[in-house]
>>> print(open('coords.cif').read())   # mmCIF, C-alpha atoms
data_coords
#
loop_
_atom_site.label_atom_id
_atom_site.label_comp_id
_atom_site.auth_asym_id
_atom_site.auth_seq_id
_atom_site.Cartn_x
_atom_site.Cartn_y
_atom_site.Cartn_z
CA MET R 1 88.04 -64.45 -55.72
CA VAL R 2 91.71 -63.84 -54.92
CA PHE R 3 90.87 -61.77 -51.85
CA GLN R 4 88.23 -64.25 -50.71
CA HIS R 5 90.89 -66.97 -50.73
CA ILE R 6 93.62 -64.89 -49.10
CA PHE R 7 91.47 -63.63 -46.25
CA SER R 8 89.98 -67.01 -45.47
CA ILE R 9 93.41 -67.67 -43.97
CA HIS R 10 94.25 -66.15 -40.58
CA PRO R 11 96.82 -63.46 -41.48
CA PRO R 12 100.37 -63.99 -40.17
CA THR R 13 100.49 -60.44 -38.82
CA GLY R 14 97.98 -61.34 -36.12
CA ARG R 15 95.44 -58.80 -37.34
CA PRO R 16 91.96 -60.38 -37.19
CA LYS R 17 90.99 -61.64 -40.61
CA THR R 18 87.71 -59.72 -40.64
CA ALA R 19 89.52 -56.40 -40.19
CA ALA R 20 92.28 -57.34 -42.62
CA ALA R 21 89.77 -58.50 -45.21
CA GLY R 22 87.86 -55.24 -44.98
CA LEU R 23 91.05 -53.26 -45.49
CA GLY R 24 92.08 -55.50 -48.38
CA ARG R 25 88.73 -55.19 -50.11
CA GLY R 26 88.84 -51.42 -49.73
CA LEU R 27 92.32 -51.21 -51.26
CA SER R 28 91.32 -53.56 -54.07
CA ALA R 29 88.17 -51.56 -54.83
CA ALA R 30 90.14 -48.30 -54.98
CA ASN R 31 92.63 -49.87 -57.39
CA ASP R 32 89.83 -51.25 -59.55
CA ILE R 33 88.21 -47.83 -59.85
CA GLY R 34 91.55 -46.26 -60.75
CA ILE R 35 92.18 -48.88 -63.43
CA ARG R 36 88.72 -48.43 -64.95
CA ARG R 37 88.97 -44.65 -65.11
CA LEU R 38 92.49 -44.65 -66.51
CA THR R 39 91.48 -47.24 -69.11
CA HIS R 40 88.49 -45.07 -70.06
CA LEU R 41 90.78 -42.06 -70.63
CA ILE R 42 93.16 -44.10 -72.77
CA LYS R 43 90.32 -45.45 -74.92
CA ARG R 44 88.81 -42.00 -75.35
CA TYR R 45 91.93 -39.93 -76.04
CA GLY R 46 94.72 -42.37 -76.80
CA THR R 47 97.96 -43.15 -74.96
CA ALA R 48 100.03 -40.44 -76.65
CA THR R 49 97.56 -37.68 -75.82
CA LEU R 50 97.23 -38.83 -72.22
CA ARG R 51 101.01 -38.92 -71.75
CA PHE R 52 101.32 -35.45 -73.29
CA TYR R 53 98.89 -33.89 -70.82
CA ILE R 54 100.36 -35.74 -67.85
CA ASP R 55 103.78 -34.34 -68.75
CA LYS R 56 102.30 -30.86 -69.19
CA LEU R 57 100.58 -31.02 -65.80
CA ILE R 58 103.86 -32.00 -64.14
CA GLU R 59 105.64 -29.19 -65.97
CA TYR R 60 102.93 -26.72 -64.95
CA SER R 61 103.24 -27.67 -61.27
CA GLU R 62 107.02 -27.30 -61.36
CA GLN R 63 106.83 -23.86 -63.00
CA ARG R 64 104.31 -22.57 -60.48
CA THR R 65 106.22 -24.03 -57.53
CA ARG R 66 109.48 -22.41 -58.63
CA ALA R 67 107.70 -19.09 -59.08
CA GLU R 68 106.33 -19.33 -55.53
CA VAL R 69 109.72 -20.30 -54.08
CA ARG R 70 111.21 -17.14 -55.63
CA LYS R 71 108.82 -15.14 -53.45
CA LEU R 72 110.27 -16.65 -50.25
CA PRO R 73 113.00 -14.74 -48.42
CA GLU R 74 116.39 -15.98 -49.55
CA GLY R 75 118.78 -17.17 -46.87
CA THR R 76 119.62 -19.92 -44.45
CA PHE R 77 117.20 -20.87 -41.68
CA LYS R 78 117.88 -23.33 -38.87
CA ALA R 79 115.99 -25.14 -36.12
CA GLU R 80 116.20 -28.28 -34.05
CA GLY R 81 114.04 -30.44 -31.82
CA CYS R 82 113.85 -33.77 -30.01
CA LEU R 83 111.73 -36.82 -29.52
CA ASP R 84 111.35 -37.92 -25.89
CA ASP R 85 113.34 -41.11 -26.49
CA ASP R 86 113.76 -43.92 -28.99
CA GLY R 87 111.70 -46.47 -27.07
CA VAL R 88 114.71 -48.55 -26.03
CA SER R 89 117.66 -46.53 -24.68
CA GLY R 90 115.67 -43.83 -22.90
CA GLU R 91 117.81 -41.18 -24.62
CA PRO R 92 116.25 -38.34 -26.66
CA VAL R 93 116.52 -38.43 -30.44
CA ARG R 94 117.77 -35.06 -31.72
CA PHE R 95 117.02 -33.60 -35.14
CA LYS R 96 118.65 -30.60 -36.78
CA ALA R 97 117.36 -28.89 -39.90
CA ARG R 98 119.04 -26.29 -42.08
CA VAL R 99 116.92 -24.81 -44.86
CA ASP R 100 118.57 -22.88 -47.70
CA VAL R 101 116.30 -20.87 -49.99
CA MET R 102 118.23 -20.12 -53.17
CA GLY R 103 116.29 -18.46 -55.97
CA ASP R 104 113.76 -21.01 -57.15
CA ARG R 105 115.24 -23.90 -55.14
CA VAL R 106 114.97 -25.11 -51.54
CA ARG R 107 117.50 -27.35 -49.84
CA CYS R 108 116.62 -29.09 -46.56
CA ASP R 109 119.74 -30.39 -44.83
CA PHE R 110 119.47 -32.74 -41.83
CA SER R 111 123.19 -33.47 -41.50
CA GLY R 112 123.35 -32.63 -37.79
CA THR R 113 120.70 -35.17 -36.82
CA ASP R 114 121.44 -38.08 -34.47
CA ALA R 115 122.65 -41.37 -35.88
CA GLN R 116 120.03 -44.05 -36.50
CA ARG R 117 118.86 -45.90 -33.42
CA ALA R 118 118.65 -49.61 -32.72
CA ALA R 119 115.02 -48.86 -31.99
CA PRO R 120 111.86 -48.02 -33.94
CA MET R 121 112.21 -44.21 -33.94
CA ASN R 122 113.81 -43.79 -37.35
CA CYS R 123 112.20 -42.63 -40.57
CA ASN R 124 113.19 -43.56 -44.09
CA LEU R 125 114.22 -41.05 -46.73
CA THR R 126 110.75 -41.02 -48.29
CA GLN R 127 109.20 -39.94 -44.99
CA THR R 128 111.86 -37.26 -44.53
CA PHE R 129 111.20 -35.98 -48.04
CA THR R 130 107.47 -36.01 -47.32
CA ALA R 131 107.95 -33.61 -44.40
CA CYS R 132 109.84 -31.18 -46.65
CA VAL R 133 107.19 -31.30 -49.37
CA TYR R 134 104.37 -30.86 -46.85
CA VAL R 135 105.90 -27.80 -45.19
CA LEU R 136 106.63 -26.10 -48.51
CA LYS R 137 103.07 -26.85 -49.62
CA CYS R 138 101.80 -25.06 -46.50
CA LEU R 139 103.97 -21.99 -47.09
CA ILE R 140 103.16 -21.25 -50.73
CA ASP R 141 100.07 -21.11 -52.95
CA PRO R 142 97.87 -24.04 -51.85
CA ASP R 143 96.23 -24.35 -55.27
CA ILE R 144 99.32 -25.71 -57.04
CA PRO R 145 98.61 -29.30 -58.15
CA LEU R 146 100.62 -31.74 -56.07
CA ASN R 147 102.51 -34.10 -58.34
CA GLU R 148 106.07 -34.94 -59.35
CA GLY R 149 106.62 -31.41 -60.62
CA PHE R 150 105.93 -29.88 -57.21
CA SER R 151 108.89 -31.68 -55.67
CA GLN R 152 111.44 -30.86 -58.37
CA PRO R 153 112.70 -27.62 -56.71
CA ILE R 154 113.27 -29.46 -53.39
CA GLU R 155 116.61 -31.02 -52.49
CA VAL R 156 116.94 -33.12 -49.35
CA VAL R 157 120.32 -33.77 -47.74
CA ALA R 158 120.08 -36.69 -45.30
CA PRO R 159 123.30 -38.72 -45.06
CA LYS R 160 122.94 -42.47 -44.78
CA GLY R 161 123.01 -43.79 -41.25
CA LEU R 162 121.09 -40.96 -39.60
CA ALA R 163 117.70 -41.30 -37.92
CA VAL R 164 116.21 -39.56 -40.97
CA ASN R 165 117.77 -41.99 -43.47
CA PRO R 166 118.80 -45.22 -41.71
CA ARG R 167 120.77 -48.01 -43.30
CA PRO R 168 118.74 -51.20 -43.69
CA PRO R 169 117.83 -53.35 -42.00
CA THR R 170 116.51 -51.15 -39.23
CA ALA R 171 113.20 -50.55 -37.47
CA ILE R 172 111.05 -47.69 -38.77
CA VAL R 173 107.65 -48.43 -37.26
CA GLY R 174 107.89 -45.03 -35.51
CA GLY R 175 108.79 -43.30 -38.76
CA TRP R 176 105.64 -41.23 -38.97
CA GLU R 177 106.21 -39.96 -35.44
CA VAL R 178 109.58 -38.73 -36.70
CA CYS R 179 108.13 -37.31 -39.92
CA SER R 180 105.53 -35.36 -37.98
CA ARG R 181 108.19 -33.88 -35.70
CA LEU R 182 110.31 -32.88 -38.70
CA CYS R 183 107.34 -30.85 -39.95
CA ASP R 184 107.27 -28.89 -36.70
CA ILE R 185 111.03 -28.32 -36.81
CA LEU R 186 110.91 -27.08 -40.41
CA PHE R 187 108.09 -24.66 -39.57
CA LYS R 188 110.18 -23.42 -36.66
CA ALA R 189 113.11 -22.83 -39.00
CA PHE R 190 110.94 -20.55 -41.15
CA SER R 191 109.37 -18.71 -38.20
CA ASP R 192 111.58 -15.61 -38.23
CA ALA R 193 111.43 -15.25 -42.01
CA LEU R 194 107.70 -15.98 -42.37
CA PRO R 195 106.11 -15.15 -39.00
CA GLU R 196 102.63 -14.79 -40.48
CA LYS R 197 102.65 -18.22 -42.12
CA VAL R 198 103.91 -20.67 -39.52
CA PRO R 199 102.27 -22.09 -36.38
CA ALA R 200 103.82 -22.44 -32.97
CA GLY R 201 104.70 -25.97 -31.87
CA THR R 202 101.99 -28.57 -32.40
CA LYS R 203 101.20 -32.07 -31.21
CA ALA R 204 103.59 -33.25 -33.96
CA MET R 205 103.16 -36.94 -33.23
CA ILE R 206 100.84 -39.66 -34.45
CA CYS R 207 100.12 -40.88 -30.89
CA HIS R 208 99.18 -44.53 -31.34
CA ALA R 209 97.07 -46.32 -28.75
CA GLY R 210 96.62 -50.04 -29.32
CA PHE R 211 95.41 -53.00 -27.32
CA GLY R 212 94.62 -56.63 -27.98
CA GLY R 213 93.88 -59.99 -26.43
CA ARG R 214 91.19 -62.66 -26.31
CA ASP R 215 87.68 -61.24 -26.52
CA PRO R 216 85.77 -62.80 -23.58
CA ARG R 217 82.50 -62.38 -25.47
CA SER R 218 83.48 -64.57 -28.42
CA GLY R 219 86.71 -66.25 -27.39
CA GLU R 220 88.39 -64.90 -30.53
CA TYR R 221 91.57 -62.88 -30.75
CA TYR R 222 91.10 -59.15 -31.33
CA CYS R 223 93.26 -56.08 -31.67
CA PHE R 224 92.44 -52.39 -31.80
CA LEU R 225 94.53 -49.41 -32.88
CA GLU R 226 93.69 -45.73 -32.94
CA THR R 227 95.56 -42.44 -32.95
CA LEU R 228 94.76 -39.61 -30.58
CA ALA R 229 94.51 -35.93 -31.42
CA GLY R 230 96.21 -33.08 -29.59
CA GLY R 231 96.67 -29.32 -29.56
CA TYR R 232 97.70 -27.41 -32.67
CA GLY R 233 99.98 -24.42 -32.42
CA ALA R 234 98.62 -20.89 -32.41
CA ARG R 235 99.10 -18.68 -35.47
CA TRP R 236 99.78 -14.97 -35.83
CA SER R 237 96.07 -14.18 -36.12
CA SER R 238 94.20 -17.13 -34.60
CA ASP R 239 94.17 -19.69 -31.82
CA GLY R 240 95.38 -23.21 -32.43
CA PRO R 241 92.51 -25.68 -32.87
CA ASP R 242 91.76 -27.98 -29.94
CA ALA R 243 92.31 -31.73 -30.17
CA VAL R 244 93.12 -32.18 -33.84
CA GLN R 245 95.39 -34.40 -35.89
CA THR R 246 98.44 -32.50 -37.05
CA HIS R 247 100.36 -32.09 -40.28
CA ALA R 248 100.22 -34.98 -42.74
CA GLN R 249 98.24 -37.23 -40.40
CA ASN R 250 95.00 -38.40 -42.03
CA THR R 251 93.55 -40.58 -39.28
CA GLN R 252 90.09 -40.10 -37.81
CA ASN R 253 88.50 -39.94 -34.40
CA ALA R 254 87.26 -43.31 -33.10
CA PRO R 255 83.82 -42.71 -31.53
CA VAL R 256 83.39 -44.10 -28.03
CA GLU R 257 80.08 -45.80 -28.82
CA GLU R 258 81.44 -47.62 -31.85
CA THR R 259 84.61 -48.68 -30.04
CA GLU R 260 82.77 -50.02 -26.99
CA ARG R 261 80.29 -51.88 -29.19
CA ASN R 262 82.93 -53.66 -31.24
CA TYR R 263 85.67 -54.24 -28.65
CA PRO R 264 85.69 -55.44 -25.00
CA VAL R 265 86.68 -52.05 -23.57
CA ARG R 266 85.09 -49.21 -21.63
CA ILE R 267 86.11 -45.59 -22.19
CA PRO R 268 84.95 -43.68 -19.10
CA ARG R 269 86.44 -40.35 -20.17
CA TYR R 270 87.04 -38.59 -23.47
CA SER R 271 87.51 -34.87 -22.97
CA LEU R 272 89.71 -31.83 -23.46
CA VAL R 273 92.49 -31.29 -20.92
CA GLU R 274 91.85 -28.05 -19.07
CA ASP R 275 94.82 -25.63 -18.89
CA SER R 276 96.82 -27.59 -21.46
CA GLU R 277 97.01 -24.76 -24.00
CA GLY R 278 100.19 -22.80 -24.60
CA PRO R 279 99.36 -19.27 -23.36
CA GLY R 280 99.79 -16.45 -25.85
CA ARG R 281 98.18 -13.51 -27.58
CA PHE R 282 96.65 -16.37 -29.46
CA ARG R 283 96.62 -19.56 -27.45
CA GLY R 284 97.55 -23.05 -28.52
CA GLY R 285 94.92 -25.74 -28.90
CA LEU R 286 94.05 -28.01 -25.99
CA GLY R 287 95.09 -31.63 -25.75
CA LEU R 288 92.66 -34.40 -24.96
CA CYS R 289 92.29 -37.11 -22.33
CA ARG R 290 91.11 -40.61 -23.17
CA GLU R 291 90.82 -43.39 -20.62
CA TYR R 292 90.51 -47.14 -21.14
CA THR R 293 89.47 -49.85 -18.72
CA PHE R 294 88.80 -53.58 -19.14
CA VAL R 295 86.38 -55.29 -16.79
CA ASP R 296 86.64 -58.95 -17.81
CA HIS R 297 90.10 -59.64 -19.24
CA GLU R 298 93.70 -58.37 -19.18
CA PRO R 299 94.89 -57.18 -22.59
CA LEU R 300 98.26 -55.91 -23.67
CA PHE R 301 98.24 -52.16 -24.29
CA THR R 302 100.84 -50.43 -26.45
CA ILE R 303 101.57 -46.71 -26.61
CA LEU R 304 103.70 -45.28 -29.41
CA ALA R 305 103.63 -41.55 -28.88
CA ASP R 306 105.74 -38.64 -27.64
CA ARG R 307 105.73 -35.12 -26.10
CA ALA R 308 106.00 -36.32 -22.50
CA ARG R 309 109.43 -34.64 -22.11
CA PHE R 310 109.59 -31.95 -24.78
CA PRO R 311 106.36 -29.96 -25.13
CA PRO R 312 105.34 -27.89 -28.16
CA TRP R 313 107.16 -24.56 -28.18
CA GLY R 314 105.66 -21.10 -28.28
CA LEU R 315 106.64 -18.35 -30.72
CA PHE R 316 107.35 -14.64 -30.31
CA GLY R 317 106.63 -14.51 -26.59
CA GLY R 318 104.05 -17.27 -26.61
CA GLU R 319 104.50 -20.07 -24.09
CA GLU R 320 104.86 -23.81 -24.55
CA GLY R 321 101.90 -26.15 -24.36
CA LEU R 322 101.41 -28.64 -21.55
CA ARG R 323 103.39 -31.85 -21.90
CA ALA R 324 101.63 -35.10 -22.74
CA ARG R 325 101.15 -37.62 -19.95
CA TYR R 326 100.61 -41.38 -20.08
CA SER R 327 99.73 -43.27 -16.92
CA LEU R 328 98.29 -46.46 -15.45
CA VAL R 329 95.97 -46.33 -12.45
CA SER R 330 95.96 -49.52 -10.37
CA ASN R 331 94.19 -49.85 -7.00
CA GLY R 332 93.79 -46.09 -6.91
CA VAL R 333 97.52 -45.43 -7.41
CA GLU R 334 98.58 -43.64 -10.59
CA ARG R 335 102.03 -44.07 -12.12
CA GLU R 336 103.43 -42.62 -15.32
CA ILE R 337 104.47 -45.17 -17.92
CA GLY R 338 106.20 -43.14 -20.63
CA SER R 339 105.37 -42.41 -24.24
CA LYS R 340 106.64 -45.65 -25.80
CA THR R 341 105.74 -48.77 -23.89
CA THR R 342 103.68 -51.96 -23.72
CA VAL R 343 101.93 -52.90 -20.48
CA THR R 344 99.38 -55.45 -19.29
CA VAL R 345 96.23 -53.75 -18.04
CA ALA R 346 94.74 -55.79 -15.21
CA GLN R 347 90.99 -56.08 -14.78
CA GLY R 348 89.67 -52.88 -13.26
CA ASP R 349 92.86 -50.90 -13.90
CA LEU R 350 92.62 -47.71 -15.92
CA LEU R 351 95.00 -46.56 -18.62
CA ARG R 352 94.98 -42.80 -19.15
CA MET R 353 96.41 -40.91 -22.12
CA GLU R 354 96.60 -37.11 -22.01
CA THR R 355 97.97 -35.49 -25.14
CA CYS R 356 99.84 -32.20 -25.23
CA GLY R 357 98.53 -28.73 -25.89
CA GLY R 358 99.81 -26.55 -28.73
CA GLY R 359 102.23 -23.67 -28.24
CA GLY R 360 101.10 -20.06 -27.91
CA TYR R 361 101.86 -17.13 -30.23
CA GLY R 362 102.74 -13.71 -28.85
CA PRO R 363 102.80 -12.53 -25.21
CA PRO R 364 99.86 -13.89 -23.16
CA TRP R 365 99.13 -10.52 -21.55
CA GLU R 366 98.25 -9.15 -25.00
CA ARG R 367 95.34 -11.57 -25.38
CA ASP R 368 91.90 -9.99 -25.52
CA PRO R 369 90.44 -10.38 -21.99
CA MET R 370 87.08 -11.32 -23.53
CA LEU R 371 88.72 -14.27 -25.28
CA VAL R 372 90.23 -15.34 -21.97
CA LEU R 373 86.82 -15.04 -20.33
CA GLY R 374 85.29 -17.13 -23.10
CA ASP R 375 87.83 -19.89 -22.48
CA VAL R 376 87.06 -19.82 -18.76
CA ARG R 377 83.33 -20.04 -19.40
CA GLU R 378 83.90 -23.03 -21.67
CA ARG R 379 86.13 -24.61 -19.00
CA LYS R 380 89.11 -24.67 -21.32
CA ILE R 381 91.20 -22.74 -18.83
CA SER R 382 90.75 -22.14 -15.12
CA VAL R 383 90.20 -18.82 -13.34
CA THR R 384 93.60 -19.30 -11.71
CA ARG R 385 95.35 -19.80 -15.04
CA ALA R 386 93.59 -16.77 -16.51
CA ARG R 387 95.02 -14.70 -13.69
CA GLU R 388 98.53 -16.15 -13.53
CA ARG R 389 99.33 -16.62 -17.23
CA TYR R 390 97.18 -13.99 -18.96
CA GLY R 391 96.87 -11.36 -16.25
CA VAL R 392 93.07 -11.41 -16.44
CA ALA R 393 91.14 -11.16 -13.16
CA ILE R 394 87.82 -13.02 -13.37
CA ASP R 395 85.19 -13.28 -10.65
CA PRO R 396 84.71 -17.06 -10.20
CA GLN R 397 81.04 -16.73 -9.27
CA LEU R 398 79.86 -14.07 -11.71
CA LEU R 399 82.37 -14.97 -14.44
CA ARG R 400 83.06 -11.34 -15.22
CA VAL R 401 86.34 -9.56 -15.90
CA ASP R 402 87.56 -7.06 -13.31
CA GLU R 403 89.07 -4.48 -15.68
CA ARG R 404 90.95 -2.49 -13.05
CA GLU R 405 92.64 -5.50 -11.47
CA THR R 406 93.35 -6.92 -14.91
CA ALA R 407 95.25 -3.76 -15.88
CA GLU R 408 97.36 -4.04 -12.72
CA LEU R 409 98.08 -7.74 -13.27
CA ARG R 410 99.13 -7.17 -16.87
CA SER R 411 101.47 -4.34 -15.93
CA GLU R 412 103.17 -6.69 -13.48
CA LEU R 413 103.47 -9.46 -16.08
CA LYS R 414 105.08 -7.05 -18.54
CA ARG R 415 107.57 -5.85 -15.92
CA SER R 416 108.48 -9.43 -15.03
CA ALA R 417 109.02 -10.28 -18.69
CA SER R 418 111.26 -7.22 -19.14
CA ASP R 419 113.31 -8.17 -16.07
CA ASP R 420 113.75 -11.74 -17.33
CA ALA R 421 114.87 -10.46 -20.73
#
>>> encode(input="coords.cif", output="structure tokens")
Amino acid sequence: MVFQHIFSIHPPTGRPKTAAAGLGRGLSAANDIGIRRLTHLIKRYGTATLRFYIDKLIEYSEQRTRAEVRKLPEGTFKAEGCLDDDGVSGEPVRFKARVDVMGDRVRCDFSGTDAQRAAPMNCNLTQTFTACVYVLKCLIDPDIPLNEGFSQPIEVVAPKGLAVNPRPPTAIVGGWEVCSRLCDILFKAFSDALPEKVPAGTKAMICHAGFGGRDPRSGEYYCFLETLAGGYGARWSSDGPDAVQTHAQNTQNAPVEETERNYPVRIPRYSLVEDSEGPGRFRGGLGLCREYTFVDHEPLFTILADRARFPPWGLFGGEEGLRARYSLVSNGVEREIGSKTTVTVAQGDLLRMETCGGGGYGPPWERDPMLVLGDVRERKISVTRARERYGVAIDPQLLRVDERETAELRSELKRSASDDA
């Protein structure tokens, strides 16, 4: 009854009450189930017994986590990275991470990070801590239960007033963009010590795409928000997956058919971006392209994303992925609009979002030519890119590898790399 009353009122946030009510009912139902099951446990075993086993489970997780941390190489590991900009000043936001592994403890120090911005690209201390927990979880035994005990060996140093721990009041709506990038930076810090466990640079952004206005079909206000996938970084023994959500991001793909049915939008293209992978012995995943057009009204469209200036890095001779690109096509003329912006999309205009590819791992000329050929056949990379970046000569008509020319091309690529070094 409470939710029925609350969501009969148009919410002050501007989110349509039908969408907000659905979310509210889902949250309420989840809480109700949790309450019922916890109450059942208490009635069956008693409060004292339940508390005992909860404490033991936390203790068990801490013991196992500390044992796993002891297996990590001791030492100090450093890395840094940037967001394109803060959405206001146009200046990059720089992050520095120092990781100290000391016996059964890990300290993540972000003291060299930029000061907080008068803009949305800050993350609170909880989000910063989340990145540290996530990365450690990826590097050690994945079967350790994740609870309070898991985080006990982790210390986070993030002085007040930095973009990773801003003083209130400040904007943090872009906090998960920052958190995702911190994950990439922490993996990079561990890359030399744990080369078989870390990926090359990934999408490492949430990549929000949102639009809203007055639905011409009903006359009611609407708004829509989704997050776009991108390329994951290659690993020491496998390619990066194409067009996936990265790190702690738990959002889903929004199907074109469902979106067009429920919102006054047309999505003429939803595809992988050819040649967006980071070349390597194992290549990075491809980014994706998604286009939006509106035929009977002019909504506001907001992008909160990144990677248009600083692409995902490669590791150990692998190359960086293709940068993301965000543009508006009006009267046949395309112009880039940046990774953090709000624009009005006129009727018939087209807004295009192309996410980045993941970084490569290892020298590209060491990639199996048959894997390169497979990517060409699937139109993930072009014949030209196969030749120029991987040193693989492929007949464009027969789609076959010329082994002799490939050997010559690869010898030249190796010589060029040696000269550059």
>>> resolve_selection(input="coords.cif", expression="the PyMOL selection byres ((chain R and resi 95) around 6)", output="ChimeraX atom specification")
/R:80-81,94,96,113
>>> residues_around(input="coords.cif", residues="Glu319 (chain R)", least_positions_apart="3", cutoff="9 Å", atoms="only C-alpha atoms", output="list in words")
Glu277, Gly278, Pro279, Gly280, Arg283, Gly284, Pro312, Trp313, Gly314, Leu315, Phe316, Gly359, Gly360, Tyr361, Gly362, Pro363 and Pro364 of chain R
>>> resolve_selection(input="coords.cif", expression="the PyMOL selection byres ((chain R and resi 411-415) around 9)", output="ChimeraX atom specification")
/R:363,365,388-391,406-410,416-420
>>> residues_around(input="coords.cif", residues="Asn250 (chain R)", least_positions_apart="5", cutoff="12 Å", atoms="all atoms listed in the file", output="PDB file with C-alpha atoms, keeping the file's coordinate frame")
ATOM      1  CA  TRP R 176     105.640 -41.230 -38.970  1.00  0.00           C
ATOM      2  CA  SER R 180     105.530 -35.360 -37.980  1.00  0.00           C
ATOM      3  CA  ILE R 206     100.840 -39.660 -34.450  1.00  0.00           C
ATOM      4  CA  GLU R 226      93.690 -45.730 -32.940  1.00  0.00           C
ATOM      5  CA  THR R 227      95.560 -42.440 -32.950  1.00  0.00           C
ATOM      6  CA  LEU R 228      94.760 -39.610 -30.580  1.00  0.00           C
ATOM      7  CA  ALA R 229      94.510 -35.930 -31.420  1.00  0.00           C
ATOM      8  CA  VAL R 244      93.120 -32.180 -33.840  1.00  0.00           C
ATOM      9  CA  GLN R 245      95.390 -34.400 -35.890  1.00  0.00           C
TER      10      GLN R 245
END
>>> atom_distance(input="coords.cif", atom1="CA of Phe190 (chain R)", atom2="CA of Glu74 (chain R)")
11.0 Å
>>> axis_aligned_box(input="coords.cif", around="region 300-304 of chain R", padding_each_side="6 Å", output="lines of an AutoDock Vina configuration file")
center_x = 101.0
center_y = -50.6
center_z = -26.5
size_x = 17.5
size_y = 22.6
size_z = 17.7
>>> decode(input="coords.cif", residues="region 134-150 of chain R", atoms="N, CA and C atoms", output="mmCIF file, in the first residue's frame")
data_model
loop_
_atom_site.group_PDB
_atom_site.id
_atom_site.type_symbol
_atom_site.label_atom_id
_atom_site.label_comp_id
_atom_site.auth_asym_id
_atom_site.auth_seq_id
_atom_site.Cartn_x
_atom_site.Cartn_y
_atom_site.Cartn_z
ATOM 1 N N TYR R 134 37.528 -5.278 -5.857
ATOM 2 C CA TYR R 134 37.245 -5.990 -7.111
ATOM 3 C C TYR R 134 38.527 -6.528 -7.746
ATOM 4 N N VAL R 135 39.545 -5.689 -7.839
ATOM 5 C CA VAL R 135 40.785 -6.113 -8.491
ATOM 6 C C VAL R 135 41.445 -7.242 -7.711
ATOM 7 N N LEU R 136 41.489 -7.127 -6.383
ATOM 8 C CA LEU R 136 42.068 -8.212 -5.591
ATOM 9 C C LEU R 136 41.269 -9.496 -5.778
ATOM 10 N N LYS R 137 39.956 -9.377 -5.826
ATOM 11 C CA LYS R 137 39.102 -10.551 -6.034
ATOM 12 C C LYS R 137 39.448 -11.253 -7.343
ATOM 13 N N CYS R 138 39.783 -10.466 -8.367
ATOM 14 C CA CYS R 138 40.130 -11.030 -9.676
ATOM 15 C C CYS R 138 41.497 -11.709 -9.674
ATOM 16 N N LEU R 139 42.381 -11.309 -8.779
ATOM 17 C CA LEU R 139 43.760 -11.788 -8.804
ATOM 18 C C LEU R 139 43.998 -13.011 -7.929
ATOM 19 N N ILE R 140 43.080 -13.302 -7.009
ATOM 20 C CA ILE R 140 43.284 -14.434 -6.108
ATOM 21 C C ILE R 140 42.168 -15.455 -6.306
ATOM 22 N N ASP R 141 42.119 -16.451 -5.443
ATOM 23 C CA ASP R 141 41.141 -17.532 -5.548
ATOM 24 C C ASP R 141 39.719 -16.969 -5.642
ATOM 25 N N PRO R 142 39.023 -17.218 -6.738
ATOM 26 C CA PRO R 142 37.682 -16.639 -6.916
ATOM 27 C C PRO R 142 36.614 -17.268 -6.038
ATOM 28 N N ASP R 143 36.926 -18.384 -5.375
ATOM 29 C CA ASP R 143 35.916 -19.076 -4.579
ATOM 30 C C ASP R 143 35.809 -18.568 -3.143
ATOM 31 N N ILE R 144 36.649 -17.608 -2.756
ATOM 32 C CA ILE R 144 36.562 -17.066 -1.401
ATOM 33 C C ILE R 144 35.250 -16.296 -1.259
ATOM 34 N N PRO R 145 34.451 -16.587 -0.235
ATOM 35 C CA PRO R 145 33.198 -15.833 -0.046
ATOM 36 C C PRO R 145 33.476 -14.340 0.117
ATOM 37 N N LEU R 146 32.688 -13.544 -0.553
ATOM 38 C CA LEU R 146 32.887 -12.093 -0.507
ATOM 39 C C LEU R 146 32.002 -11.499 0.583
ATOM 40 N N ASN R 147 32.637 -11.108 1.667
ATOM 41 C CA ASN R 147 31.933 -10.468 2.768
ATOM 42 C C ASN R 147 32.905 -9.524 3.474
ATOM 43 N N GLU R 148 32.543 -9.076 4.654
ATOM 44 C CA GLU R 148 33.377 -8.126 5.386
ATOM 45 C C GLU R 148 34.795 -8.649 5.604
ATOM 46 N N GLY R 149 34.919 -9.946 5.803
ATOM 47 C CA GLY R 149 36.240 -10.513 6.052
ATOM 48 C C GLY R 149 37.181 -10.374 4.880
ATOM 49 N N PHE R 150 36.633 -10.443 3.661
ATOM 50 C CA PHE R 150 37.473 -10.339 2.468
ATOM 51 C C PHE R 150 38.214 -9.012 2.433
#
